[in-house]
Amino acid sequence: MKMTGVRVRFVLIFAVACALFFAVEPAWTAEPAVLVPSGAFEGGRAWRSSVGGYAVLSLRGNWHEMGRQYGGLLSRQLEEFYGAIRADLEARGLKPEHLETMQGMFNLYPEPMKELLRGMAETSGLSLEEHIILDASFYVLPDLVIGQPKKAPSCSGIAVASPRTVDGKLYFARNWDMAATAMRPYLKYLALVAFNPDDGSLAFANIRPIGQVYVETGINEKGVFIEVNNGAASDPTENPNGTFVAAELFSLLNECPTFDAVVSRLKADKLDSSYLVQVADAGRVVSVEKPTFDTHIVGMKDGGLYALNNFTQPVPNEWKGRIKEIPEGYRDDRQPVLNAILASDEWNGHVTLESVKSMMERTIDKGGPVVEGKGPFGTVIQVIAVPEDLWVFFRSWGYSGWGQVNLADLFGR
């Protein structure tokens, strides 16, 4: 089946108040900070975050084995999430063509991603077909939400580094905006899953709802962080033969050990649709702007950068007439807010982690980047990454405070 427009509308929402405490396997290191143990299965381990109760997994082995661990550790929650989201999709008008789209997504996945889902199906209590539906549920759900604003703000990435930060570290804050009203019942299913493959490839963590293996926000063991924003506001065309971006991000984190390697590969990539892909490490960040026909790299200015959904102005001359440029006088509501933040005294040499968290607490009307009150549309998932330290803070907006994970504890071989 040929599948066009495989464009993930990013989202995340999860959690899981994990259940029973099983025996701890002796081969592992000390317990990760701020996490409560909740299970062990075939070499994989699970915790829940002390804030939010989000599921946190550390899996190891080949991809099929890691899928089995995933399914075994979260079987109850996966069945619960599937039952709820399947009923929701059907009530909203799920049709055979949507099921074909879901199968089409699976068909586009590289083998590691397919093996994860196949492994899950052996231990979770769900069939492979049910896992395919659960995996793609947040991709299809927005299409079924009636009245989603066509021009609503959608996802933001904000980076700040030296000379703006007190400690000289780079902080990256990411808002995943989607059909927030429809996704609200599933906020507890947000999860952070760390994969430790035994094939010599890189360990990495993916942050999205349980059972969903495609990547929109992630970081690998080398401290390379990636997140993606939809770019269709600037270029609504598609590449039917392009690579599905959420599968490519999975591969980039798993295969590229450096910032430069990720950026170089993104330059060469032909993706399925138009995107802004943000790449960061301990001290650098760029926005890789990719219409369906070219690539443009935007770097930090004076230690700051933000990316929304329109390509940075002025666009390259060769793009003129090929994309939808922002009309004169038009501005995204978040743009003046973020300009004001970066121009403030605090954000010029005085930024700390608490400054970034404070920014991520504020809606647009209160001087922050959080989208709320746009009908059914709004911020769903938030992530703050500190690549130098491999710390990640994450949460479902409006559901809880920040869950936090030291990834060094989860990336142990």
# chains A, B, ... in the order shown; residues from 1 in each chain; ligands from 1
>>> residues_around(residues="Asp345 (chain A)", least_positions_apart="5", cutoff="12 Å", atoms="only C-alpha atoms", output="PyMOL selection string")
chain A and resi 164-165+340+350-351+355
>>> residues_around(residues="region 61-78 of chain A", least_positions_apart="5", cutoff="8 Å", atoms="only C-alpha atoms", output="MDAnalysis selection string")
chainID A and resid 16 18 39:46 112:113 115:126 195:199 210:211
>>> atom_distance(atom1="CA of Gly412 (chain A)", atom2="CA of Trp176 (chain A)")
28.3 Å
>>> select_by_dssp(residues="region 112-358 of chain A", states="alpha helix (DSSP H)", output="PyMOL selection string")
chain A and resi 112-123+128-144+180-183+245-255+259-268+334-343+353-358
>>> closest_residue(among="A:Trp319, A:Phe106, A:Phe377, A:Phe311", to="Ser287 (chain A)", atoms="only C-alpha atoms")
A:Phe311
>>> select_by_dssp(residues="region 119-196 of chain A", states="strand (DSSP E or B)", output="JSON, numbers by chain")
{"A": [156, 157, 158, 159, 160, 165, 171, 172, 173, 174, 175, 176, 177, 178, 188, 189, 190, 191, 192, 193, 194, 195, 196]}
>>> write_last_selection(atoms="C-alpha atoms", output="PDB file, in the first residue's frame")
ATOM      1  CA  SER A 156       7.950  25.170  19.823  1.00  0.00           C
ATOM      2  CA  GLY A 157      11.600  24.602  20.652  1.00  0.00           C
ATOM      3  CA  ILE A 158      13.562  27.139  22.701  1.00  0.00           C
ATOM      4  CA  ALA A 159      17.309  26.835  23.378  1.00  0.00           C
ATOM      5  CA  VAL A 160      19.560  28.991  25.546  1.00  0.00           C
ATOM      6  CA  THR A 165      23.182  30.882  31.180  1.00  0.00           C
ATOM      7  CA  TYR A 171      19.123  24.106  28.048  1.00  0.00           C
ATOM      8  CA  PHE A 172      16.554  23.042  25.465  1.00  0.00           C
ATOM      9  CA  ALA A 173      12.829  23.452  26.159  1.00  0.00           C
ATOM     10  CA  ARG A 174      10.282  21.759  23.909  1.00  0.00           C
ATOM     11  CA  ASN A 175       6.475  22.129  23.747  1.00  0.00           C
ATOM     12  CA  TRP A 176       4.563  19.500  21.829  1.00  0.00           C
ATOM     13  CA  ASP A 177       1.241  21.030  20.776  1.00  0.00           C
ATOM     14  CA  MET A 178      -1.624  19.006  19.390  1.00  0.00           C
ATOM     15  CA  LYS A 188      -1.149   9.827  32.537  1.00  0.00           C
ATOM     16  CA  TYR A 189       0.347   7.540  29.891  1.00  0.00           C
ATOM     17  CA  LEU A 190       3.375   9.702  29.149  1.00  0.00           C
ATOM     18  CA  ALA A 191       6.628   7.746  29.392  1.00  0.00           C
ATOM     19  CA  LEU A 192      10.371   7.911  28.975  1.00  0.00           C
ATOM     20  CA  VAL A 193      11.813   4.722  27.479  1.00  0.00           C
ATOM     21  CA  ALA A 194      15.569   4.132  27.251  1.00  0.00           C
ATOM     22  CA  PHE A 195      16.755   1.553  24.709  1.00  0.00           C
ATOM     23  CA  ASN A 196      20.155  -0.102  25.224  1.00  0.00           C
TER      24      ASN A 196
END
>>> closest_atom_pairs(of="region 20-86 of chain A", to="region 128-146 of chain A", cutoff="10 Å", atoms="only C-alpha atoms", output="CSV")
residue,atom,partner,partner_atom,distance
A:Gly71,CA,A:His131,CA,10.0
A:Leu78,CA,A:Leu134,CA,8.5
A:Glu79,CA,A:Glu130,CA,9.4
A:Phe81,CA,A:Leu134,CA,7.9
A:Tyr82,CA,A:Leu134,CA,5.7
A:Gly83,CA,A:Leu134,CA,9.2
A:Ile85,CA,A:Ser137,CA,7.1
A:Arg86,CA,A:Leu134,CA,7.7
>>> atom_distance(atom1="CA of Glu80 (chain A)", atom2="CA of Ala205 (chain A)")
23.3 Å
>>> closest_residue(among="A:Leu276, A:Leu271, A:Ile207, A:Ala385", to="Ala247 (chain A)", atoms="only C-alpha atoms")
A:Leu271
>>> atom_distance(atom1="CA of Gly53 (chain A)", atom2="CA of Asn206 (chain A)")
16.9 Å
>>> residues_around(residues="Asn406 (chain A)", least_positions_apart="6", cutoff="10 Å", atoms="only C-alpha atoms", output="ChimeraX atom specification")
/A:32-35,386,389-393
>>> closest_residue(among="A:Lys95, A:Pro376, A:Asp235, A:Ile381", to="Thr181 (chain A)", atoms="only C-alpha atoms")
A:Pro376
>>> residues_around(residues="Asn220 (chain A)", least_positions_apart="3", cutoff="8 Å", atoms="only C-alpha atoms", output="PyMOL selection string")
chain A and resi 202-205+223-225+253-254
>>> write_last_selection(atoms="N, CA and C atoms", output="mmCIF file, in the first residue's frame")
data_model
loop_
_atom_site.group_PDB
_atom_site.id
_atom_site.type_symbol
_atom_site.label_atom_id
_atom_site.label_comp_id
_atom_site.auth_asym_id
_atom_site.auth_seq_id
_atom_site.Cartn_x
_atom_site.Cartn_y
_atom_site.Cartn_z
ATOM 1 N N LEU A 202 23.841 3.006 19.279
ATOM 2 C CA LEU A 202 23.755 3.892 20.431
ATOM 3 C C LEU A 202 22.482 3.691 21.244
ATOM 4 N N ALA A 203 22.633 3.801 22.557
ATOM 5 C CA ALA A 203 21.470 3.852 23.435
ATOM 6 C C ALA A 203 20.815 5.216 23.305
ATOM 7 N N PHE A 204 19.491 5.265 23.423
ATOM 8 C CA PHE A 204 18.790 6.539 23.378
ATOM 9 C C PHE A 204 17.466 6.436 24.119
ATOM 10 N N ALA A 205 16.925 7.604 24.468
ATOM 11 C CA ALA A 205 15.646 7.668 25.175
ATOM 12 C C ALA A 205 14.615 8.358 24.301
ATOM 13 N N GLY A 223 24.547 12.485 24.299
ATOM 14 C CA GLY A 223 24.028 13.806 24.612
ATOM 15 C C GLY A 223 23.529 14.568 23.410
ATOM 16 N N VAL A 224 23.184 13.885 22.318
ATOM 17 C CA VAL A 224 22.605 14.536 21.144
ATOM 18 C C VAL A 224 21.083 14.505 21.285
ATOM 19 N N PHE A 225 20.493 15.688 21.314
ATOM 20 C CA PHE A 225 19.049 15.844 21.506
ATOM 21 C C PHE A 225 18.410 16.256 20.182
ATOM 22 N N LEU A 253 19.081 9.026 16.207
ATOM 23 C CA LEU A 253 19.511 8.898 17.592
ATOM 24 C C LEU A 253 20.252 7.590 17.833
ATOM 25 N N ASN A 254 19.831 6.553 17.150
ATOM 26 C CA ASN A 254 20.417 5.223 17.320
ATOM 27 C C ASN A 254 21.752 5.059 16.604
#
